[in-house]
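Everything on this sheet refers to the single structure shown next.
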Amino acid sequence: MSDYTLQSKSFYQALADSKLIGSRCQDCGYVAVPQRQICPRCHSDRKLVIEFSGRGKLAAFTVIYTPPSEMLAAGYNNKNPYCVGIVELVEGPRVNAQILGLDLSDPASIRIGTELVMTTVERGPEDARKKFLAFQPA
Amino acid sequence: MTEKKLSRNVAVVGVGMSKFGAFPDKTSRDLLVEAYQELKTSVDKGFDPREIEAFYMGNFSSDQFEWQAHLAPIAASWLGLSPIPTLRLEDACASSSVALRQASLAIASGLYDIVLVGGVEKMTDLPIAKVTDALASAADTQFEIPAGFTFPGFYAAMATAYMHEYQADPEAFKHVAIKNHQNGALNEKAQFNQTIASVMEGKKAKAAAKGLPVPTWQDELEFLSDPKGNPMIAWPMTLFDCSPVSDGGVLLLLVSEEIAKKFTDNPIYIVGSGQASDGALSERDSLCSVPAAEKAGKQAYAMAGLTPDDINFAEVHDCFTIAEIMASEDLGFFPRGEGWKAAMAGETARTGRHPINTSGGLKAKGHPVGASGAGQVVEVWKQLRGIAGERQLPGELKFGLTHNVGGTGQTCVVHIFEKRN
């Protein structure tokens, strides 16, 4: 874990290694994702970088038919929509992620509470591929 | 909560707004000039522009939309107001309510007596994907947008959380859209100055004129349920759940209470003001409410010494239909989990117990983001003064409320206005 810091860019350095990191407050125990230098609950700055298990459940979601430029470039459109959601990690905090591996033909069939595991998805131009956070059904 | 009061009171004595819509021939400054011309005619006893001491302007992103930063002094110059101090305030879609609050505080401080406040946004010059990208910059571009979120997507996710938490019927969203278009049809300044029924009939007529099969929609609900008439944007939010991309400018003339009667016998007083902030949506305890809105509302009610039931009507931030339902609960008009039922039962219609968005709301009136909060005040002014025409609420009105949200609730501003007899 020593490779990763509390600086926000370190979140994506960890993701490049397929790891999901955050922070734990050494004073009040508050767990945050992404990692924080100052505790939003007790204001302590005694923080440790932690790695999450990558397990969680779906807390909210949508299926997007009108993507922004970066997702259009990744091949998504109204005929090929994608799912994005908020995942509640087993460690407590929630995180934003693309949700893979669901049947998007009937979004009403997607269930909040679905058990998920972390993965990553590569997007971006050929010479600058980057890993982004994703989850898929457990 | 300690009850906070302004050290002196502030009144609105004039308002002006451009038409909201898509105006390829107009720039931000033209929209503000249009608003200013109307404002001049709205001040009952007139005013001398040379008496205006400062200009507080809300604007989200003329930098991205028009490649024009530093817009406040330019706009002031176009309004003939140089060399007064000018400020541009940016808190996403709440920018002009933040400007209103800061202008009020400046008057309350004693520094100024007469301030011009408002907002402007000129959004329609860019292609739609670029508009989506520009709006996305109001979210967390490091940790929310890279996941694939868009603004319709955020509110759609809140809608799924809300539907799950309260077993809400998504048909409630359609009722919000239908009601706001009914109101917008009675507002000549609205971008969508027509009911959804008339949009539907227009589509049928167009198909017939082209010799295509004419859709068989029987009513608005059927039309809104058909992806051919109402395409999906971000499930469960459809096109008609979303406010439009808009151009528009709004200006308000704000003065200290002591001199308000010099301008009009019927000033509208600001009696409550609240503002709160929050982190990203994913960090919040609740995904099916806007905590900053509840906090801002409580501050405003406390300052005014009022409760939600004292409010005769409200203009709320319906950037998406789910947002209006959550707002109706965050502001205390309905208990948690009951807002969707109230929307379906017509309780937020002009004839209902808590009329919401008599102007048509952002949904039908339009959402030029940096002007939307000030635009809400224009409706409060019209309703309280009894000049809202066909959409005028019946009965004696005393208190109107505005609720303006930036982002998904990172900023929320609530104001309460009073007419005194």
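Within each chain, counting starts at residue 1; across the structure tokens, chains are named A, B, ... in the order shown, with ligands numbered 1 upward in that order.
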Report as a Markdown table: every residue of chain A with an atom at most 10 Å from chain B, its closest pair of atoms, and their distance in Å to one decimal, counting only C-alpha atoms, with rows sorted by chain and ascending residue number.
| residue | atom | partner | partner_atom | distance |
| --- | --- | --- | --- | --- |
| A:Ser8 | CA | B:Gln142 | CA | 8.6 |
| A:Lys9 | CA | B:Gln142 | CA | 8.6 |
| A:Phe11 | CA | B:Phe143 | CA | 9.2 |
| A:Tyr12 | CA | B:Gln142 | CA | 9.4 |
| A:Ala32 | CA | B:Glu283 | CA | 8.5 |
| A:Val33 | CA | B:Glu283 | CA | 8.6 |
| A:Pro34 | CA | B:Phe143 | CA | 7.9 |
| A:Pro40 | CA | B:Gly279 | CA | 9.7 |
| A:Leu58 | CA | B:Ala161 | CA | 9.9 |
| A:Ala59 | CA | B:Ala161 | CA | 6.9 |
| A:Ala60 | CA | B:Ala157 | CA | 5.1 |
| A:Phe61 | CA | B:Ala157 | CA | 4.5 |
| A:Thr62 | CA | B:Ala157 | CA | 5.1 |
| A:Val63 | CA | B:Trp235 | CA | 5.1 |
| A:Ile64 | CA | B:Ala234 | CA | 4.3 |
| A:Tyr65 | CA | B:Ile233 | CA | 5.1 |
| A:Thr66 | CA | B:Ile233 | CA | 5.6 |
| A:Pro67 | CA | B:Thr150 | CA | 7.3 |
| A:Pro68 | CA | B:Ala129 | CA | 5.7 |
| A:Ser69 | CA | B:Ala129 | CA | 5.9 |
| A:Glu70 | CA | B:Gly148 | CA | 8.4 |
| A:Met71 | CA | B:Gly148 | CA | 6.8 |
| A:Leu72 | CA | B:Ala129 | CA | 8.9 |
| A:Asn78 | CA | B:Ile233 | CA | 8.2 |
| A:Pro81 | CA | B:Ala234 | CA | 9.0 |
| A:Tyr82 | CA | B:Gly148 | CA | 8.3 |
| A:Cys83 | CA | B:Gly148 | CA | 8.2 |
| A:Val84 | CA | B:Gly148 | CA | 6.0 |
| A:Gly85 | CA | B:Ala157 | CA | 6.9 |
| A:Ile86 | CA | B:Ser282 | CA | 6.4 |
| A:Val87 | CA | B:Ser282 | CA | 8.4 |
| A:Glu88 | CA | B:Ser282 | CA | 8.8 |
| A:Pro93 | CA | B:Glu283 | CA | 7.3 |
| A:Arg94 | CA | B:Ser282 | CA | 5.5 |
| A:Val95 | CA | B:Ser282 | CA | 5.9 |
| A:Asn96 | CA | B:Ala147 | CA | 5.9 |
| A:Ala97 | CA | B:Ala147 | CA | 4.6 |
| A:Gln98 | CA | B:Ala147 | CA | 5.3 |
| A:Ile99 | CA | B:Ala147 | CA | 9.0 |
| A:Asp106 | CA | B:Trp235 | CA | 9.8 |
| A:Pro107 | CA | B:Trp235 | CA | 7.0 |
| A:Ala108 | CA | B:Pro236 | CA | 8.3 |
| A:Ile110 | CA | B:Thr160 | CA | 9.9 |
| A:Arg111 | CA | B:His164 | CA | 8.8 |
| A:Ile112 | CA | B:His164 | CA | 7.2 |
| A:Gly113 | CA | B:His164 | CA | 9.7 |
| A:Val121 | CA | B:Ala147 | CA | 9.7 |
| A:Arg123 | CA | B:Pro146 | CA | 9.6 |
| A:Lys131 | CA | B:Pro146 | CA | 10.0 |
| A:Phe132 | CA | B:Ala147 | CA | 6.9 |
| A:Leu133 | CA | B:Ala147 | CA | 6.6 |
| A:Ala134 | CA | B:Ala147 | CA | 7.6 |
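Excluding range 309-314 of chain B and any residue on its chain fewer than 4 positions from it, the residues at most 9 Å away by only C-alpha atoms are Gly332, Phe333, Thr348, Arg350, Arg353, His354, Pro355, Ile356, Asn357, Thr358, Gln376, Val380, Gln383, Leu393, Glu396, Leu397, Lys398, Phe399, Gly400, Leu401, Thr402, His403 and Ile416 of chain B.
Residues within 9 Å of Leu221 in chain B, counting only C-alpha atoms and excluding same-chain residues fewer than 6 positions away, are B:Glu171, B:Lys174, B:His175, B:Ile178.
Between CA of Pro137 in chain A and CA of Ser105 in chain A lies a distance of 16.3 Å.
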